$ cat entry_29.tsv   # TSV, C-alpha atoms
chain	number	residue	atom	x	y	z
Z	291	MET	CA	82.33	-45.51	213.04
Z	292	LYS	CA	83.75	-48.75	214.46
Z	293	ILE	CA	82.70	-51.80	212.46
Z	294	GLU	CA	83.26	-55.26	213.88
Z	295	ALA	CA	84.76	-58.06	211.75
Z	296	PRO	CA	82.27	-60.94	212.05
Z	297	PHE	CA	84.57	-63.56	210.50
Z	298	GLY	CA	87.91	-62.28	211.76
Z	299	ARG	CA	90.17	-60.13	209.62
Z	300	MET	CA	92.40	-62.46	207.60
Z	301	LEU	CA	90.74	-65.08	205.41
Z	302	THR	CA	91.85	-66.81	202.25
Z	303	ALA	CA	89.74	-68.41	199.54
Z	304	MET	CA	91.46	-71.79	199.46
Z	305	VAL	CA	92.31	-73.73	196.32
Z	306	THR	CA	91.14	-77.30	195.89
Z	307	PRO	CA	94.20	-79.43	195.02
Z	308	PHE	CA	93.54	-82.13	192.45
Z	309	LYS	CA	95.69	-85.12	191.60
Z	310	ALA	CA	96.89	-85.84	188.05
Z	311	ASP	CA	93.85	-88.08	187.52
Z	312	GLY	CA	91.48	-85.24	188.48
Z	313	GLU	CA	90.52	-86.62	191.89
Z	314	ILE	CA	90.73	-84.40	194.97
Z	315	ASP	CA	93.94	-84.65	196.98
Z	316	TRP	CA	92.37	-84.96	200.43
Z	317	ALA	CA	95.69	-85.11	202.24
Z	318	GLY	CA	96.66	-81.99	200.33
Z	319	ILE	CA	93.53	-80.19	201.53
Z	320	GLU	CA	94.45	-81.04	205.12
Z	321	LYS	CA	98.00	-79.78	204.61
Z	322	LEU	CA	96.86	-76.53	202.98
Z	323	ALA	CA	94.32	-75.80	205.69
Z	324	ASP	CA	97.00	-76.35	208.33
Z	325	HIS	CA	99.40	-74.11	206.38
Z	326	LEU	CA	96.86	-71.28	206.30
Z	327	VAL	CA	96.14	-71.53	210.03
Z	328	LYS	CA	99.87	-71.40	210.75
Z	329	ASN	CA	100.25	-68.30	208.57
Z	330	GLY	CA	98.01	-65.77	210.21
Z	331	HIS	CA	94.52	-66.79	209.19
Z	332	ASP	CA	91.35	-66.20	211.16
Z	333	GLY	CA	89.24	-68.00	208.58
Z	334	ILE	CA	89.22	-70.05	205.39
Z	335	ALA	CA	86.71	-69.81	202.56
Z	336	VAL	CA	86.21	-73.04	200.63
Z	337	ASN	CA	84.18	-73.91	197.55
Z	338	GLY	CA	84.60	-70.51	195.96
Z	339	THR	CA	86.07	-69.18	192.74
Z	340	THR	CA	89.64	-70.02	193.70
Z	341	GLY	CA	88.46	-73.43	194.93
Z	342	GLU	CA	87.20	-74.17	191.39
Z	343	ALA	CA	83.68	-74.64	192.73
Z	344	PRO	CA	82.09	-74.75	189.25
Z	345	THR	CA	83.91	-78.04	188.62
Z	346	THR	CA	83.42	-79.81	191.95
Z	347	LYS	CA	80.45	-82.02	192.75
Z	348	SER	CA	78.06	-81.17	195.59
Z	349	SER	CA	79.26	-84.24	197.48
Z	350	GLU	CA	82.87	-83.10	197.11
Z	351	LYS	CA	82.01	-79.64	198.39
Z	352	ILE	CA	80.42	-81.08	201.52
Z	353	GLU	CA	83.42	-83.32	202.20
Z	354	ILE	CA	85.81	-80.37	201.73
Z	355	ILE	CA	83.96	-78.49	204.48
Z	356	LYS	CA	84.16	-81.45	206.84
Z	357	VAL	CA	87.85	-82.08	206.20
Z	358	VAL	CA	88.87	-78.43	206.59
Z	359	LYS	CA	86.77	-77.94	209.71
Z	360	LYS	CA	88.28	-81.06	211.28
Z	361	VAL	CA	91.79	-79.69	210.66
Z	362	VAL	CA	91.26	-76.09	211.81
Z	363	GLY	CA	89.00	-76.71	214.80
Z	364	PRO	CA	86.56	-74.30	216.44
Z	365	LYS	CA	88.76	-71.20	216.59
Z	366	VAL	CA	89.06	-70.68	212.82
Z	367	TYR	CA	86.03	-69.72	210.74
Z	368	VAL	CA	85.19	-71.95	207.78
Z	369	LEU	CA	82.98	-70.25	205.21
Z	370	SER	CA	81.67	-72.14	202.22
Z	371	GLY	CA	80.48	-70.96	198.88
Z	372	ALA	CA	76.82	-71.80	198.33
Z	373	GLY	CA	75.86	-69.47	195.51
Z	374	ASP	CA	74.60	-70.51	192.10
Z	375	ASN	CA	72.62	-68.80	189.36
Z	376	GLU	CA	69.49	-70.72	190.32
Z	377	THR	CA	67.90	-69.79	193.62
Z	378	SER	CA	66.34	-73.06	194.74
Z	379	TYR	CA	69.61	-74.88	194.10
Z	380	SER	CA	71.48	-72.21	196.10
Z	381	VAL	CA	69.02	-72.65	198.97
Z	382	ASN	CA	69.61	-76.41	198.92
Z	383	GLN	CA	73.38	-75.91	198.84
Z	384	ALA	CA	73.20	-73.51	201.79
Z	385	GLN	CA	71.25	-76.05	203.81
Z	386	ARG	CA	73.76	-78.79	203.01
Z	387	VAL	CA	76.64	-76.46	203.91
Z	388	ALA	CA	75.04	-75.77	207.28
Z	389	GLU	CA	74.54	-79.48	207.94
Z	390	ALA	CA	78.20	-80.12	207.10
Z	391	GLY	CA	79.34	-77.83	209.90
Z	392	ALA	CA	80.44	-74.64	208.15
Z	393	ASP	CA	80.48	-71.43	210.19
Z	394	GLY	CA	79.12	-69.19	207.46
Z	395	LEU	CA	77.99	-68.87	203.85
Z	396	LEU	CA	79.72	-67.05	201.01
Z	397	VAL	CA	77.09	-66.36	198.36
Z	398	VAL	CA	77.91	-64.86	194.99
Z	399	THR	CA	75.56	-62.82	192.83
Z	400	PRO	CA	73.62	-65.03	190.39
Z	401	TYR	CA	75.72	-65.16	187.24
Z	402	TYR	CA	75.12	-65.39	183.49
Z	403	ASN	CA	71.35	-64.79	183.58
Z	404	LYS	CA	71.79	-61.11	184.60
Z	405	PRO	CA	68.80	-60.70	186.92
Z	406	PRO	CA	67.53	-57.21	187.78
Z	407	GLN	CA	68.25	-55.83	191.24
Z	408	ALA	CA	64.86	-56.99	192.51
Z	409	GLY	CA	65.78	-60.56	191.54
Z	410	ILE	CA	69.24	-60.29	193.07
Z	411	GLU	CA	67.76	-59.04	196.34
Z	412	ALA	CA	65.11	-61.79	196.42
Z	413	HIS	CA	67.78	-64.40	195.68
Z	414	PHE	CA	70.02	-63.33	198.57
Z	415	ARG	CA	67.09	-63.09	200.97
Z	416	ALA	CA	65.93	-66.60	200.06
Z	417	VAL	CA	69.39	-68.05	200.73
Z	418	ALA	CA	69.77	-66.07	203.97
Z	419	ASP	CA	66.37	-67.35	205.13
Z	420	ALA	CA	67.34	-70.97	204.44
Z	421	THR	CA	69.73	-71.49	207.38
Z	422	ASP	CA	70.78	-70.00	210.70
Z	423	LEU	CA	74.31	-69.29	209.42
Z	424	PRO	CA	75.67	-65.77	208.96
Z	425	MET	CA	76.14	-64.93	205.29
Z	426	MET	CA	78.70	-62.92	203.35
Z	427	LEU	CA	77.50	-61.41	200.08
Z	428	TYR	CA	80.01	-61.68	197.23
Z	429	ASP	CA	79.99	-58.85	194.69
Z	430	ILE	CA	82.20	-59.60	191.69
Z	431	PRO	CA	80.55	-58.17	188.56
Z	432	GLY	CA	83.55	-58.97	186.35
Z	433	ARG	CA	82.63	-62.64	186.71
Z	434	THR	CA	78.86	-62.54	187.26
Z	435	GLY	CA	77.99	-59.93	184.64
Z	436	VAL	CA	75.98	-57.81	187.08
Z	437	GLU	CA	76.83	-55.87	190.22
Z	438	ILE	CA	75.00	-55.68	193.51
Z	439	GLU	CA	74.05	-52.02	193.44
Z	440	SER	CA	74.63	-49.88	196.49
Z	441	ASP	CA	70.93	-49.45	197.34
Z	442	THR	CA	70.51	-53.23	197.17
Z	443	ILE	CA	73.43	-53.84	199.52
Z	444	VAL	CA	72.06	-51.32	202.02
Z	445	ARG	CA	68.63	-53.00	202.01
Z	446	LEU	CA	70.10	-56.50	202.26
Z	447	PHE	CA	72.21	-55.58	205.28
Z	448	GLU	CA	68.95	-55.09	207.19
Z	449	HIS	CA	68.53	-58.89	207.08
Z	450	PRO	CA	69.59	-60.37	210.44
Z	451	ARG	CA	71.78	-63.06	208.88
Z	452	ILE	CA	73.45	-61.01	206.14
Z	453	ALA	CA	76.61	-60.16	208.04
Z	454	ALA	CA	79.24	-58.93	205.57
Z	455	LEU	CA	80.23	-58.16	201.99
Z	456	LYS	CA	83.14	-59.55	200.01
Z	457	ASP	CA	83.94	-56.69	197.67
Z	458	ALA	CA	85.60	-57.50	194.35
Z	459	LYS	CA	83.82	-54.76	192.44
Z	460	GLY	CA	86.92	-52.61	191.94
Z	461	ASN	CA	84.97	-49.43	192.70
Z	462	VAL	CA	86.37	-47.99	195.92
Z	463	ALA	CA	84.17	-44.90	195.64
Z	464	ALA	CA	80.96	-46.94	195.58
Z	465	THR	CA	82.17	-49.08	198.47
Z	466	SER	CA	83.01	-45.94	200.47
Z	467	TRP	CA	79.42	-44.80	200.19
Z	468	VAL	CA	78.00	-48.20	201.10
Z	469	ILE	CA	80.09	-48.32	204.27
Z	470	LYS	CA	79.07	-44.78	205.22
Z	471	ARG	CA	75.39	-45.46	204.57
Z	472	CYS	CA	74.92	-48.75	206.42
Z	473	GLY	CA	78.14	-49.84	208.12
Z	474	ILE	CA	78.24	-53.28	206.52
Z	475	PRO	CA	81.52	-55.09	207.31
Z	476	VAL	CA	83.43	-55.17	204.03
Z	477	TYR	CA	86.15	-57.67	203.17
Z	478	SER	CA	88.45	-56.91	200.27
Z	479	GLY	CA	88.15	-59.55	197.57
Z	480	ASP	CA	90.85	-58.05	195.35
Z	481	ASP	CA	94.34	-58.30	196.83
Z	482	ILE	CA	95.81	-55.26	195.12
Z	483	LEU	CA	92.98	-53.17	196.63
Z	484	ASN	CA	93.38	-54.55	200.16
Z	485	LEU	CA	94.97	-51.40	201.56
Z	486	PRO	CA	92.80	-48.92	199.61
Z	487	LEU	CA	89.68	-50.66	200.91
Z	488	LEU	CA	91.00	-50.60	204.48
Z	489	SER	CA	91.43	-46.85	204.07
Z	490	VAL	CA	87.69	-46.39	203.41
Z	491	GLY	CA	86.54	-48.66	206.22
Z	492	ALA	CA	86.95	-52.33	205.22
Z	493	VAL	CA	87.47	-54.73	208.12
Z	494	GLY	CA	89.61	-57.41	206.50
Z	495	PHE	CA	90.46	-59.54	203.49
Z	496	VAL	CA	89.19	-62.62	201.70
Z	497	SER	CA	92.44	-63.08	199.88
Z	498	VAL	CA	93.96	-65.27	197.20
Z	499	CYS	CA	97.55	-64.23	197.87
Z	500	GLY	CA	97.09	-65.33	201.48
Z	501	HIS	CA	98.16	-68.78	200.26
Z	502	THR	CA	101.67	-67.47	199.74
Z	503	VAL	CA	101.99	-64.34	201.92
Z	504	GLY	CA	99.40	-64.80	204.65
Z	505	ASN	CA	101.71	-63.61	207.42
Z	506	ASP	CA	102.54	-60.44	205.49
Z	507	LEU	CA	98.88	-59.68	204.92
Z	508	LYS	CA	98.11	-60.26	208.60
Z	509	ALA	CA	100.98	-57.91	209.45
Z	510	MET	CA	99.43	-55.29	207.14
Z	511	LEU	CA	96.11	-55.65	208.94
Z	512	ASN	CA	97.75	-55.45	212.35
Z	513	ALA	CA	99.70	-52.35	211.36
Z	514	TRP	CA	96.65	-50.61	209.93
Z	515	PHE	CA	94.44	-51.26	212.93
Z	516	ALA	CA	97.25	-50.23	215.27
Z	517	GLY	CA	97.31	-46.84	213.52
Z	518	ASP	CA	100.57	-47.42	211.63
Z	519	ALA	CA	99.55	-46.50	208.09
Z	520	THR	CA	103.19	-46.07	207.08
Z	521	LYS	CA	103.98	-49.71	207.93
Z	522	ALA	CA	100.82	-50.92	206.19
Z	523	LEU	CA	101.83	-49.04	203.04
Z	524	GLU	CA	105.34	-50.46	203.22
Z	525	ILE	CA	103.92	-54.00	203.26
Z	526	HIS	CA	101.48	-53.19	200.45
Z	527	GLN	CA	104.28	-51.93	198.23
Z	528	LYS	CA	106.50	-54.90	199.05
Z	529	LEU	CA	103.73	-57.28	197.96
Z	530	LEU	CA	102.80	-55.52	194.72
Z	531	PRO	CA	104.78	-58.00	192.54
Z	532	ILE	CA	102.87	-60.87	194.14
Z	533	PHE	CA	99.49	-59.15	193.80
Z	534	THR	CA	100.20	-58.57	190.11
Z	535	GLY	CA	101.97	-61.84	189.42
Z	536	THR	CA	99.30	-64.09	190.91
Z	537	PHE	CA	96.71	-62.74	188.48
Z	538	ARG	CA	98.68	-62.61	185.22
Z	539	THR	CA	96.35	-65.42	184.21
Z	540	GLN	CA	93.48	-66.98	186.19
Z	541	GLY	CA	94.18	-66.77	189.93
Z	542	ALA	CA	93.68	-70.43	190.83
Z	543	ILE	CA	96.07	-71.51	188.08
Z	544	LEU	CA	98.97	-69.41	189.29
Z	545	THR	CA	98.21	-69.91	192.98
Z	546	LYS	CA	98.48	-73.65	192.46
Z	547	ALA	CA	101.73	-73.16	190.56
Z	548	ALA	CA	103.07	-70.98	193.39
Z	549	LEU	CA	102.13	-73.52	196.04
Z	550	ASN	CA	103.78	-76.31	194.07
Z	551	MET	CA	106.91	-74.15	193.80
Z	552	MET	CA	106.87	-73.63	197.56
Z	553	GLY	CA	106.64	-77.36	198.25
Z	554	LEU	CA	102.95	-77.23	199.18
Z	555	PRO	CA	100.14	-79.27	197.60
Z	556	GLY	CA	98.75	-76.95	194.96
Z	557	GLY	CA	98.10	-79.87	192.67
Z	558	THR	CA	96.57	-79.59	189.23
Z	559	THR	CA	93.46	-77.86	187.86
Z	560	ARG	CA	90.28	-79.28	186.36
Z	561	LEU	CA	89.16	-78.33	182.88
Z	562	PRO	CA	88.22	-75.82	181.64
Z	563	LEU	CA	91.13	-74.41	183.67
Z	564	VAL	CA	94.56	-75.58	182.56
Z	565	ASP	CA	97.82	-75.70	184.45
Z	566	ALA	CA	100.38	-72.93	184.10
Z	567	THR	CA	102.80	-73.19	181.21
Z	568	PRO	CA	106.58	-73.30	181.75
Z	569	ALA	CA	106.82	-69.65	180.64
Z	570	GLN	CA	104.07	-68.62	183.07
Z	571	ILE	CA	105.77	-70.51	185.88
Z	572	GLU	CA	109.09	-68.81	185.17
Z	573	GLN	CA	107.47	-65.36	185.25
Z	574	LEU	CA	105.64	-66.28	188.44
Z	575	ARG	CA	108.92	-67.34	190.05
Z	576	LYS	CA	110.34	-63.88	189.31
Z	577	ASP	CA	107.22	-62.22	190.71
Z	578	LEU	CA	107.29	-64.24	193.93
Z	579	ILE	CA	110.98	-63.57	194.51
Z	580	ALA	CA	110.45	-59.87	193.82
Z	581	GLY	CA	107.74	-59.90	196.49
Z	582	GLY	CA	110.07	-61.37	199.09
Z	583	ILE	CA	109.28	-65.09	198.91
Z	584	SER	CA	112.26	-67.44	199.26
Z	585	LEU	CA	111.95	-70.38	196.88
Z	586	PRO	CA	113.91	-73.63	196.81
$ encode --input "entry_29.tsv" --output "structure tokens"
Amino acid sequence: MKIEAPFGRMLTAMVTPFKADGEIDWAGIEKLADHLVKNGHDGIAVNGTTGEAPTTKSSEKIEIIKVVKKVVGPKVYVLSGAGDNETSYSVNQAQRVAEAGADGLLVVTPYYNKPPQAGIEAHFRAVADATDLPMMLYDIPGRTGVEIESDTIVRLFEHPRIAALKDAKGNVAATSWVIKRCGIPVYSGDDILNLPLLSVGAVGFVSVCGHTVGNDLKAMLNAWFAGDATKALEIHQKLLPIFTGTFRTQGAILTKAALNMMGLPGGTTRLPLVDATPAQIEQLRKDLIAGGISLP
């Protein structure tokens, strides 16, 4: 079974850098988008978990899309988060995302209210019907409180605009069956499972660690799809300290700390997230160096 990668293979869910006063660092967004393009990326996902979407205004989200798209141009996919736990609001967000010029939607399972599978399916179909953009489902039950069950994914993939699945479920066995049953293009949404998910048929990554090791992750993808599993495993093992270190606390917190360490505009966080402590930063420095990153 050969499954195409509708959004390219290497994507990263980009952070939103904030200034000390809490305002968005727009020049920093431009610099980060350029950094990602120069480090192996086929696409960038904005306004997601790592972008601190719960704390950005709708108007800010739209401007982020426009700024990133202007920087990366037509050859790099820009996906935007549009999911919420209220369907009509998600539909409205999707329509605004489309008007802003995004190339696709990234839509998370409705969170907190724990809808049944029938509600989850109806929600995704309503958002997919709202625009002409291709849509990536985002399954992350550790955050949403409810998974997209396999039967639901299979049915949803019949929709002409539901094009892919970002898998952060942590259940490789379930994902294996979904791929076998319907052939949906799966993107790993959990960096430490990037290689295991490739081994069962995933087509690429929507990474967090791509901020810091994008070229390495692209090299892993290239090796895997060239048939060099040994090289892909070598890269996976090299990056294990970074995969672990980036998520010792919340991923956006430590990714921003890592970017700041590397001389890139990670910026600060918005409450309820808080910036990394000196002890967390020191541990992160050790993790990054152990994973092969040279720091000033």
$ residues_near_point --input "entry_29.tsv" --point "(79.0, -56.4, 188.5)" --cutoff "12 Å" --atoms "all atoms listed in the file" --output "number ranges by chain"
Z: 398-402, 404-407, 410, 428-440, 457-461, 464
$ residues_around --input "entry_29.tsv" --residues "Pro296 (chain Z)" --least-positions-apart "6" --cutoff "10 Å" --atoms "all atoms listed in the file" --output "PDB file with C-alpha atoms, in the coordinates of the input"
ATOM      1  CA  TYR Z 367      86.030 -69.720 210.740  1.00  0.00           C
ATOM      2  CA  GLY Z 394      79.120 -69.190 207.460  1.00  0.00           C
ATOM      3  CA  PRO Z 424      75.670 -65.770 208.960  1.00  0.00           C
ATOM      4  CA  MET Z 425      76.140 -64.930 205.290  1.00  0.00           C
ATOM      5  CA  MET Z 426      78.700 -62.920 203.350  1.00  0.00           C
ATOM      6  CA  ALA Z 453      76.610 -60.160 208.040  1.00  0.00           C
ATOM      7  CA  ALA Z 454      79.240 -58.930 205.570  1.00  0.00           C
ATOM      8  CA  PRO Z 475      81.520 -55.090 207.310  1.00  0.00           C
ATOM      9  CA  VAL Z 476      83.430 -55.170 204.030  1.00  0.00           C
ATOM     10  CA  VAL Z 493      87.470 -54.730 208.120  1.00  0.00           C
ATOM     11  CA  GLY Z 494      89.610 -57.410 206.500  1.00  0.00           C
TER      12      GLY Z 494
END
$ residues_around --input "entry_29.tsv" --residues "Glu448 (chain Z)" --least-positions-apart "2" --cutoff "12 Å" --atoms "all atoms listed in the file" --output "list of chain:residue names"
Z:Glu411, Z:Phe414, Z:Arg415, Z:Ala418, Z:Asp441, Z:Thr442, Z:Ile443, Z:Val444, Z:Arg445, Z:Leu446, Z:Pro450, Z:Arg451, Z:Ile452, Z:Ala453, Z:Ala454, Z:Arg471, Z:Cys472, Z:Gly473, Z:Ile474
$ atom_distance --input "entry_29.tsv" --atom1 "CA of Met510 (chain Z)" --atom2 "CA of Ala392 (chain Z)"
27.1 Å
$ closest_residue --input "entry_29.tsv" --among "Z:Arg299, Z:Lys521, Z:His501, Z:Lys456" --to "Leu395 (chain Z)" --atoms "only C-alpha atoms"
Z:Lys456
$ atom_distance --input "entry_29.tsv" --atom1 "CA of Ala492 (chain Z)" --atom2 "CA of Tyr477 (chain Z)"
5.8 Å
$ closest_residue --input "entry_29.tsv" --among "Z:Ile579, Z:Leu549, Z:Ile482, Z:Leu530" --to "Met304 (chain Z)" --atoms "all atoms listed in the file"
Z:Leu549
$ atom_distance --input "entry_29.tsv" --atom1 "CA of Asp480 (chain Z)" --atom2 "CA of Glu342 (chain Z)"
17.0 Å
$ closest_residue --input "entry_29.tsv" --among "Z:Asn375, Z:Thr345, Z:Asn512, Z:Thr502" --to "Val417 (chain Z)" --atoms "only C-alpha atoms"
Z:Asn375
$ closest_residue --input "entry_29.tsv" --among "Z:Phe537, Z:Pro364, Z:Gly391, Z:Gly553" --to "Ala566 (chain Z)" --atoms "only C-alpha atoms"
Z:Phe537
$ closest_residue --input "entry_29.tsv" --among "Z:Leu578, Z:Ala522, Z:Val468, Z:Leu483" --to "Ala547 (chain Z)" --atoms "only C-alpha atoms"
Z:Leu578
